[in-house]
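This report refers to the structure that appears directly beneath it.
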Amino acid sequence: MKPDDRAFLFELLETPSPTGFEMPGQRVWAKWIGQHAAETACDAYGSTWAILPGKSERIVMLEAHADEIGFIIKHIDDNGFLRLDRIGGSDAATARGRRLTFLGDEGPVSGIIGNTAIHLRRDEAGQEKAPAVHELWVDVGASSAKEVAALGLRVGHPAVYQDSPMELSHDRLVGRALDNRIGGYIIAQVMKRVAKEKKKPAFTLVCLNAVQEEIGGHGAMMATYRLKPEVCVCLDVTHATDTPGIDHVKFGRVKLGGGPSLTHGSSNHPKVVQRLIEVAKKASVPVQHESSSRFTGTDTDKIFHSREGVPSALVSLPLRCMHSVVETAHLGDIEKTIELLTGFVLSLDADDTFHQTL
């Protein structure tokens with residue numbers, strides 16, 4: 001990874017962008033990808049896209065989502081303690097004793113999610129249940145509700161964990177918000193590589209970084225209706241199931257470092273998936289396979305039925321410890337995913353159509 005690319009990735013991962021409050025990260029993304037695009041823009045809710053003109057106006061769209069999970073202030077008591085609700089699928093079981101950054105009216109405010117000492121908790125060690133989200137309490141250093149207000153905080157302000165990205169040995173990348181800030185990084189890298197090609201791509205390339213995936217894919221739905229792509233590849237993360245305690249019979253087998261995963265079934269168009277398989281084979285990109293019976297749980301589910309239907313496929317980056325502060329990806333998988341998606345865009349020609357025929 002080149003220094004400029006690494007700096008972009010780490011800035012993207014560091015920038016708080018919880019669901020519904022994505023614009024700080026979107027501005028980072030748009031500034032970087034704008035160096036390689038003809039145009040960048042966003043819609044009313046903040047879904048942001050970049051356009052690289054091709055030989056035709058037919059659009060191939062690569063999509064990722066910009067939002068991360070977090071918390072939101074639900075209540076402030078008279079003693080200055082905050083109570084929380086979840087933004088997206090935040091895991092209350094891992095929350096106690098963690099540091100938070102609140103995005104307040106006067107700028108960032110630090111706080112901690114309290115952790116009553118094990119000596120003082122009622123249940124015996126090993127028998128207690130994980131706390132419910134409403135049982136979590138936050139200390140921002142205030143002694144009253146008035147002092148909380150003086151910090152620029154009120155009910156409705158969001159927060160994310162303060163944990164920063166780091167690298168482990170053997171090409172591991174760890175941090176919060178890899179789901180799916182890493183997707184935004186990857187599709188931006190694809191546009192950079194396609195832009196450097198000597199010839200224009202056959203299709204116009206649109207890279208979409210959509211908002212609100214973690215609560216239902218609303219941003220992808222709105223933006224797809226507007227942008228009218230002819231074919232789309234969605235990029236998200238998937239569960240790497242190669243850690244202890246995961247039943248492969250229930251959850252399939254996906255290995256960290258095994259390359260990107262292709263999903264089959266439901267919203268995934270067989271012809272788009274087949275093209276991805278062909279591109280991967282030609283480029284010697286290893287791929288893994290997953291099945292989807294009814295839905296993928298990603299923006300693909302909201303994109304494929306837009307207007308008359310958009311032939312779509314889901315490509316996933318293996319990720320350990322999803323929805324935690326130690327989400328773990330493999331740098332080799334990231335590079336192979338960039339290669340696969342770049343190859344897909346460049347494989348398209350003027351006659352390509354992904355419609356079914358009788």
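Identifiers in the structure tokens: chain A, B, ... in order shown; residue index from 1 per chain; ligand index from 1 in order shown.
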Per residue of range 158-250 of chain A within 12 Å of range 287-296 of chain A, record the nearest atom pair and its distance in Å to one decimal, counting only C-alpha atoms, with rows in chain order and ascending residue number, as JSON lines.
{"residue": "A:Gly216", "atom": "CA", "partner": "A:Thr296", "partner_atom": "CA", "distance": 11.6}
{"residue": "A:Gly217", "atom": "CA", "partner": "A:Thr296", "partner_atom": "CA", "distance": 11.4}
{"residue": "A:Cys234", "atom": "CA", "partner": "A:Thr296", "partner_atom": "CA", "distance": 10.8}
{"residue": "A:Leu235", "atom": "CA", "partner": "A:Thr296", "partner_atom": "CA", "distance": 11.6}
{"residue": "A:Asp236", "atom": "CA", "partner": "A:Thr296", "partner_atom": "CA", "distance": 10.2}
{"residue": "A:Val237", "atom": "CA", "partner": "A:Thr296", "partner_atom": "CA", "distance": 11.1}
{"residue": "A:Thr238", "atom": "CA", "partner": "A:Glu290", "partner_atom": "CA", "distance": 9.4}
{"residue": "A:His239", "atom": "CA", "partner": "A:Glu290", "partner_atom": "CA", "distance": 10.4}
{"residue": "A:Ala240", "atom": "CA", "partner": "A:Gln288", "partner_atom": "CA", "distance": 10.7}
{"residue": "A:Thr241", "atom": "CA", "partner": "A:Glu290", "partner_atom": "CA", "distance": 11.5}
{"residue": "A:His248", "atom": "CA", "partner": "A:Glu290", "partner_atom": "CA", "distance": 11.5}
{"residue": "A:Lys250", "atom": "CA", "partner": "A:Ser291", "partner_atom": "CA", "distance": 11.5}
Output file for the residues above (N, CA and C atoms, as a PDB file, in the first residue's frame):
ATOM      1  N   GLY A 216     -30.940  -0.222   7.076  1.00  0.00           N
ATOM      2  CA  GLY A 216     -31.895  -0.658   6.069  1.00  0.00           C
ATOM      3  C   GLY A 216     -31.602  -0.325   4.628  1.00  0.00           C
ATOM      4  N   GLY A 217     -30.449   0.272   4.326  1.00  0.00           N
ATOM      5  CA  GLY A 217     -30.106   0.515   2.927  1.00  0.00           C
ATOM      6  C   GLY A 217     -30.833   1.667   2.276  1.00  0.00           C
ATOM      7  N   CYS A 234     -22.061  -4.444  -5.728  1.00  0.00           N
ATOM      8  CA  CYS A 234     -22.017  -3.914  -4.371  1.00  0.00           C
ATOM      9  C   CYS A 234     -20.836  -4.534  -3.637  1.00  0.00           C
ATOM     10  N   LEU A 235     -20.182  -3.733  -2.826  1.00  0.00           N
ATOM     11  CA  LEU A 235     -19.054  -4.209  -2.047  1.00  0.00           C
ATOM     12  C   LEU A 235     -19.330  -3.976  -0.573  1.00  0.00           C
ATOM     13  N   ASP A 236     -19.298  -5.056   0.194  1.00  0.00           N
ATOM     14  CA  ASP A 236     -19.464  -4.958   1.645  1.00  0.00           C
ATOM     15  C   ASP A 236     -18.516  -5.960   2.282  1.00  0.00           C
ATOM     16  N   VAL A 237     -18.633  -6.130   3.575  1.00  0.00           N
ATOM     17  CA  VAL A 237     -17.836  -7.128   4.284  1.00  0.00           C
ATOM     18  C   VAL A 237     -18.696  -8.357   4.564  1.00  0.00           C
ATOM     19  N   THR A 238     -18.034  -9.470   4.789  1.00  0.00           N
ATOM     20  CA  THR A 238     -18.724 -10.686   5.188  1.00  0.00           C
ATOM     21  C   THR A 238     -17.979 -11.309   6.356  1.00  0.00           C
ATOM     22  N   HIS A 239     -18.635 -12.217   7.061  1.00  0.00           N
ATOM     23  CA  HIS A 239     -18.028 -12.839   8.232  1.00  0.00           C
ATOM     24  C   HIS A 239     -16.955 -13.845   7.814  1.00  0.00           C
ATOM     25  N   ALA A 240     -15.719 -13.581   8.219  1.00  0.00           N
ATOM     26  CA  ALA A 240     -14.692 -14.615   8.125  1.00  0.00           C
ATOM     27  C   ALA A 240     -14.983 -15.617   9.239  1.00  0.00           C
ATOM     28  N   THR A 241     -15.217 -16.848   8.852  1.00  0.00           N
ATOM     29  CA  THR A 241     -15.684 -17.850   9.815  1.00  0.00           C
ATOM     30  C   THR A 241     -14.562 -18.791  10.253  1.00  0.00           C
ATOM     31  N   HIS A 248     -19.341 -24.017  10.849  1.00  0.00           N
ATOM     32  CA  HIS A 248     -19.379 -23.877   9.396  1.00  0.00           C
ATOM     33  C   HIS A 248     -20.649 -24.449   8.787  1.00  0.00           C
ATOM     34  N   LYS A 250     -23.572 -24.028   9.952  1.00  0.00           N
ATOM     35  CA  LYS A 250     -24.559 -22.952  10.042  1.00  0.00           C
ATOM     36  C   LYS A 250     -24.176 -21.727   9.222  1.00  0.00           C
TER      37      LYS A 250
END
Quick one: residues within 9 Å of Glu63 in chain A, only C-alpha atoms, excluding same-chain residues fewer than 3 positions away - as a PyMOL selection string?
chain A and resi 49+183-184+187+206-210+220+232-236+299-300
Quick one: write out the picked residues with C-alpha atoms as a PDB file, in the first residue's frame?
ATOM      1  CA  TRP A  49     -20.818   9.529  -5.780  1.00  0.00           C
ATOM      2  CA  GLY A 183     -15.480  -0.642   0.952  1.00  0.00           C
ATOM      3  CA  GLY A 184     -15.386   3.076   0.222  1.00  0.00           C
ATOM      4  CA  ILE A 187     -14.088   1.445  -4.843  1.00  0.00           C
ATOM      5  CA  VAL A 206     -20.018   5.622 -11.061  1.00  0.00           C
ATOM      6  CA  CYS A 207     -18.703   4.895  -7.568  1.00  0.00           C
ATOM      7  CA  LEU A 208     -21.411   5.359  -4.933  1.00  0.00           C
ATOM      8  CA  ASN A 209     -20.705   5.673  -1.207  1.00  0.00           C
ATOM      9  CA  ALA A 210     -24.193   5.346   0.264  1.00  0.00           C
ATOM     10  CA  ALA A 220     -28.498   3.101  -1.702  1.00  0.00           C
ATOM     11  CA  CYS A 232     -24.028  -2.799 -10.292  1.00  0.00           C
ATOM     12  CA  VAL A 233     -21.518  -4.541  -8.074  1.00  0.00           C
ATOM     13  CA  CYS A 234     -22.017  -3.914  -4.371  1.00  0.00           C
ATOM     14  CA  LEU A 235     -19.054  -4.209  -2.047  1.00  0.00           C
ATOM     15  CA  ASP A 236     -19.464  -4.958   1.645  1.00  0.00           C
ATOM     16  CA  ASP A 299     -27.379  -2.650   0.019  1.00  0.00           C
ATOM     17  CA  THR A 300     -27.640  -5.173  -2.818  1.00  0.00           C
TER      18      THR A 300
END
May I have a table of the residues of range 5-35 of chain A lying at most 12 Å from range 145-162 of chain A, giving each one's closest pair of atoms and their distance in Å to one decimal, counting only C-alpha atoms, ordered by chain and ascending residue number, as CSV?
residue,atom,partner,partner_atom,distance
A:Leu13,CA,A:Gln162,CA,10.8
A:Glu14,CA,A:Gln162,CA,8.4
A:Thr15,CA,A:Val160,CA,9.7
A:Pro16,CA,A:Val160,CA,6.4
A:Ser17,CA,A:Val160,CA,8.0
A:Pro18,CA,A:Val160,CA,6.9
A:Thr19,CA,A:Pro158,CA,9.0
A:Gly20,CA,A:Pro158,CA,9.0
A:Phe21,CA,A:Pro158,CA,7.8
A:Glu22,CA,A:Pro158,CA,10.8
Write a file of the just-selected residues containing N, CA, C and O atoms, as a PDB file, in the first residue's frame.
ATOM      1  N   LEU A  13     -10.905   5.801   8.107  1.00  0.00           N
ATOM      2  CA  LEU A  13     -11.259   4.974   9.256  1.00  0.00           C
ATOM      3  C   LEU A  13     -11.345   5.781  10.543  1.00  0.00           C
ATOM      4  O   LEU A  13     -12.134   5.471  11.440  1.00  0.00           O
ATOM      5  N   GLU A  14     -10.531   6.808  10.664  1.00  0.00           N
ATOM      6  CA  GLU A  14     -10.508   7.633  11.872  1.00  0.00           C
ATOM      7  C   GLU A  14     -11.704   8.571  11.971  1.00  0.00           C
ATOM      8  O   GLU A  14     -12.120   8.943  13.074  1.00  0.00           O
ATOM      9  N   THR A  15     -12.263   8.970  10.843  1.00  0.00           N
ATOM     10  CA  THR A  15     -13.273  10.027  10.825  1.00  0.00           C
ATOM     11  C   THR A  15     -14.636   9.491  11.270  1.00  0.00           C
ATOM     12  O   THR A  15     -15.208   8.629  10.602  1.00  0.00           O
ATOM     13  N   PRO A  16     -15.189   9.976  12.378  1.00  0.00           N
ATOM     14  CA  PRO A  16     -16.488   9.479  12.850  1.00  0.00           C
ATOM     15  C   PRO A  16     -17.596   9.749  11.838  1.00  0.00           C
ATOM     16  O   PRO A  16     -17.770  10.892  11.395  1.00  0.00           O
ATOM     17  N   SER A  17     -18.336   8.712  11.484  1.00  0.00           N
ATOM     18  CA  SER A  17     -19.425   8.848  10.518  1.00  0.00           C
ATOM     19  C   SER A  17     -20.531   7.842  10.816  1.00  0.00           C
ATOM     20  O   SER A  17     -20.815   6.956   9.998  1.00  0.00           O
ATOM     21  N   PRO A  18     -21.180   7.955  11.993  1.00  0.00           N
ATOM     22  CA  PRO A  18     -22.248   7.002  12.311  1.00  0.00           C
ATOM     23  C   PRO A  18     -23.461   7.209  11.421  1.00  0.00           C
ATOM     24  O   PRO A  18     -23.634   8.281  10.811  1.00  0.00           O
ATOM     25  N   THR A  19     -24.286   6.209  11.344  1.00  0.00           N
ATOM     26  CA  THR A  19     -25.476   6.253  10.496  1.00  0.00           C
ATOM     27  C   THR A  19     -26.318   7.486  10.799  1.00  0.00           C
ATOM     28  O   THR A  19     -26.655   7.761  11.944  1.00  0.00           O
ATOM     29  N   GLY A  20     -26.644   8.218   9.739  1.00  0.00           N
ATOM     30  CA  GLY A  20     -27.417   9.443   9.873  1.00  0.00           C
ATOM     31  C   GLY A  20     -26.563  10.679  10.052  1.00  0.00           C
ATOM     32  O   GLY A  20     -27.069  11.809   9.974  1.00  0.00           O
ATOM     33  N   PHE A  21     -25.255  10.477  10.250  1.00  0.00           N
ATOM     34  CA  PHE A  21     -24.325  11.588  10.482  1.00  0.00           C
ATOM     35  C   PHE A  21     -23.023  11.326   9.702  1.00  0.00           C
ATOM     36  O   PHE A  21     -21.931  11.450  10.229  1.00  0.00           O
ATOM     37  N   GLU A  22     -23.175  10.989   8.432  1.00  0.00           N
ATOM     38  CA  GLU A  22     -22.049  10.477   7.652  1.00  0.00           C
ATOM     39  C   GLU A  22     -21.190  11.544   6.974  1.00  0.00           C
ATOM     40  O   GLU A  22     -20.125  11.220   6.422  1.00  0.00           O
TER      41      GLU A  22
END
Using DSSP secondary structure from the backbone, list all strand (DSSP E or B) positions within range 253-342 of chain A, as number ranges by chain.
A: 261-264, 288-291, 312-320, 327-330
Pro165 in chain A environment, 8 Å, only C-alpha atoms, sequence neighbours closer than 2 positions dropped, as a VMD selection string
chain A and resid 10 13 to 14 163 167 173 to 176
For the residues in that selection, give me C-alpha atoms as a compact mmCIF listing (two decimals), in the first residue's frame.
# COMPACT_ATOMS: atom_id res chain seq x y z
CA PHE A 10 -6.49 5.68 7.86
CA LEU A 13 -11.26 4.97 9.26
CA GLU A 14 -10.51 7.63 11.87
CA ASP A 163 -10.39 3.18 18.91
CA GLU A 167 -1.76 -3.05 11.75
CA LEU A 173 -5.55 -4.46 9.50
CA VAL A 174 -7.58 -3.89 12.70
CA GLY A 175 -10.00 -1.20 13.77
CA ARG A 176 -13.55 0.01 14.10
Could you check the closest approach to Gly332 in chain A for each of A:Lys196, A:Arg96, A:Arg226, A:Arg172 and tell me which residue wins, using only C-alpha atoms?
A:Arg172
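Of the residues listed (A:Met322, A:Val133, A:Met23, A:Ala195), A:Val133 shows the shortest atom-to-atom separation from Arg83 in chain A; distances use only C-alpha atoms.
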Nearest to Val28 in chain A: which of A:Phe344, A:Tyr185, A:Phe102, A:Tyr45 is it, counting only C-alpha atoms?
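The closest residue to Val28 in chain A is A:Tyr185.
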Which residues are near range 137-141 of chain A? Cut-off 6 Å, only C-alpha atoms, ignore same chain within fewer than 5 positions. Put them as a PDB file with N, CA, C and O atoms, in the first residue's frame.
ATOM      1  N   PHE A  81     -24.928  11.972  34.172  1.00  0.00           N
ATOM      2  CA  PHE A  81     -24.657  10.728  33.472  1.00  0.00           C
ATOM      3  C   PHE A  81     -25.571  10.600  32.260  1.00  0.00           C
ATOM      4  O   PHE A  81     -26.749  10.962  32.317  1.00  0.00           O
ATOM      5  N   LEU A  82     -25.025  10.055  31.179  1.00  0.00           N
ATOM      6  CA  LEU A  82     -25.763   9.894  29.936  1.00  0.00           C
ATOM      7  C   LEU A  82     -26.206   8.441  29.783  1.00  0.00           C
ATOM      8  O   LEU A  82     -25.494   7.514  30.196  1.00  0.00           O
ATOM      9  N   ARG A  83     -27.373   8.262  29.200  1.00  0.00           N
ATOM     10  CA  ARG A  83     -27.841   6.936  28.786  1.00  0.00           C
ATOM     11  C   ARG A  83     -27.922   6.900  27.270  1.00  0.00           C
ATOM     12  O   ARG A  83     -28.155   7.930  26.620  1.00  0.00           O
ATOM     13  N   GLY A 111     -15.934  10.788  26.290  1.00  0.00           N
ATOM     14  CA  GLY A 111     -16.636  10.179  27.410  1.00  0.00           C
ATOM     15  C   GLY A 111     -16.230   8.728  27.541  1.00  0.00           C
ATOM     16  O   GLY A 111     -15.562   8.176  26.674  1.00  0.00           O
ATOM     17  N   ILE A 112     -16.633   8.130  28.650  1.00  0.00           N
ATOM     18  CA  ILE A 112     -16.381   6.701  28.846  1.00  0.00           C
ATOM     19  C   ILE A 112     -17.677   6.002  29.210  1.00  0.00           C
ATOM     20  O   ILE A 112     -18.511   6.544  29.925  1.00  0.00           O
ATOM     21  N   ILE A 113     -17.842   4.803  28.672  1.00  0.00           N
ATOM     22  CA  ILE A 113     -18.952   3.958  29.109  1.00  0.00           C
ATOM     23  C   ILE A 113     -18.508   3.277  30.397  1.00  0.00           C
ATOM     24  O   ILE A 113     -17.502   2.565  30.428  1.00  0.00           O
ATOM     25  N   GLY A 114     -19.221   3.537  31.476  1.00  0.00           N
ATOM     26  CA  GLY A 114     -18.802   3.062  32.783  1.00  0.00           C
ATOM     27  C   GLY A 114     -18.780   1.555  32.902  1.00  0.00           C
ATOM     28  O   GLY A 114     -19.488   0.839  32.179  1.00  0.00           O
TER      29      GLY A 114
END
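Relative to CA of Glu230 in chain A, CA of Ala202 in chain A is found at 12.5 Å.
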Can you work out the spacing between CA of Ala93 in chain A and CA of Ala117 in chain A in Å, to one decimal?
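Answer for the CA of Ala93 in chain A to CA of Ala117 in chain A separation: 15.6 Å.
Taking only C-alpha atoms into account, Ser347 in chain A lies nearest to A:Phe203 out of the set A:Phe8, A:Phe71, A:Phe203, A:Phe251.
Comparing A:Val249, A:Leu52, A:Leu276, A:Leu205 by their smallest distance to Gly343 in chain A, the closest is A:Leu276 (using only C-alpha atoms).
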Could you pull out the helix (DSSP H, G or I) residues of range 71-301 of chain A, going by DSSP on the backbone, and write them as number ranges by chain?
A: 92-94, 133-135, 145-150, 178-195, 213-215, 218-227, 248-251, 270-282, 300-301
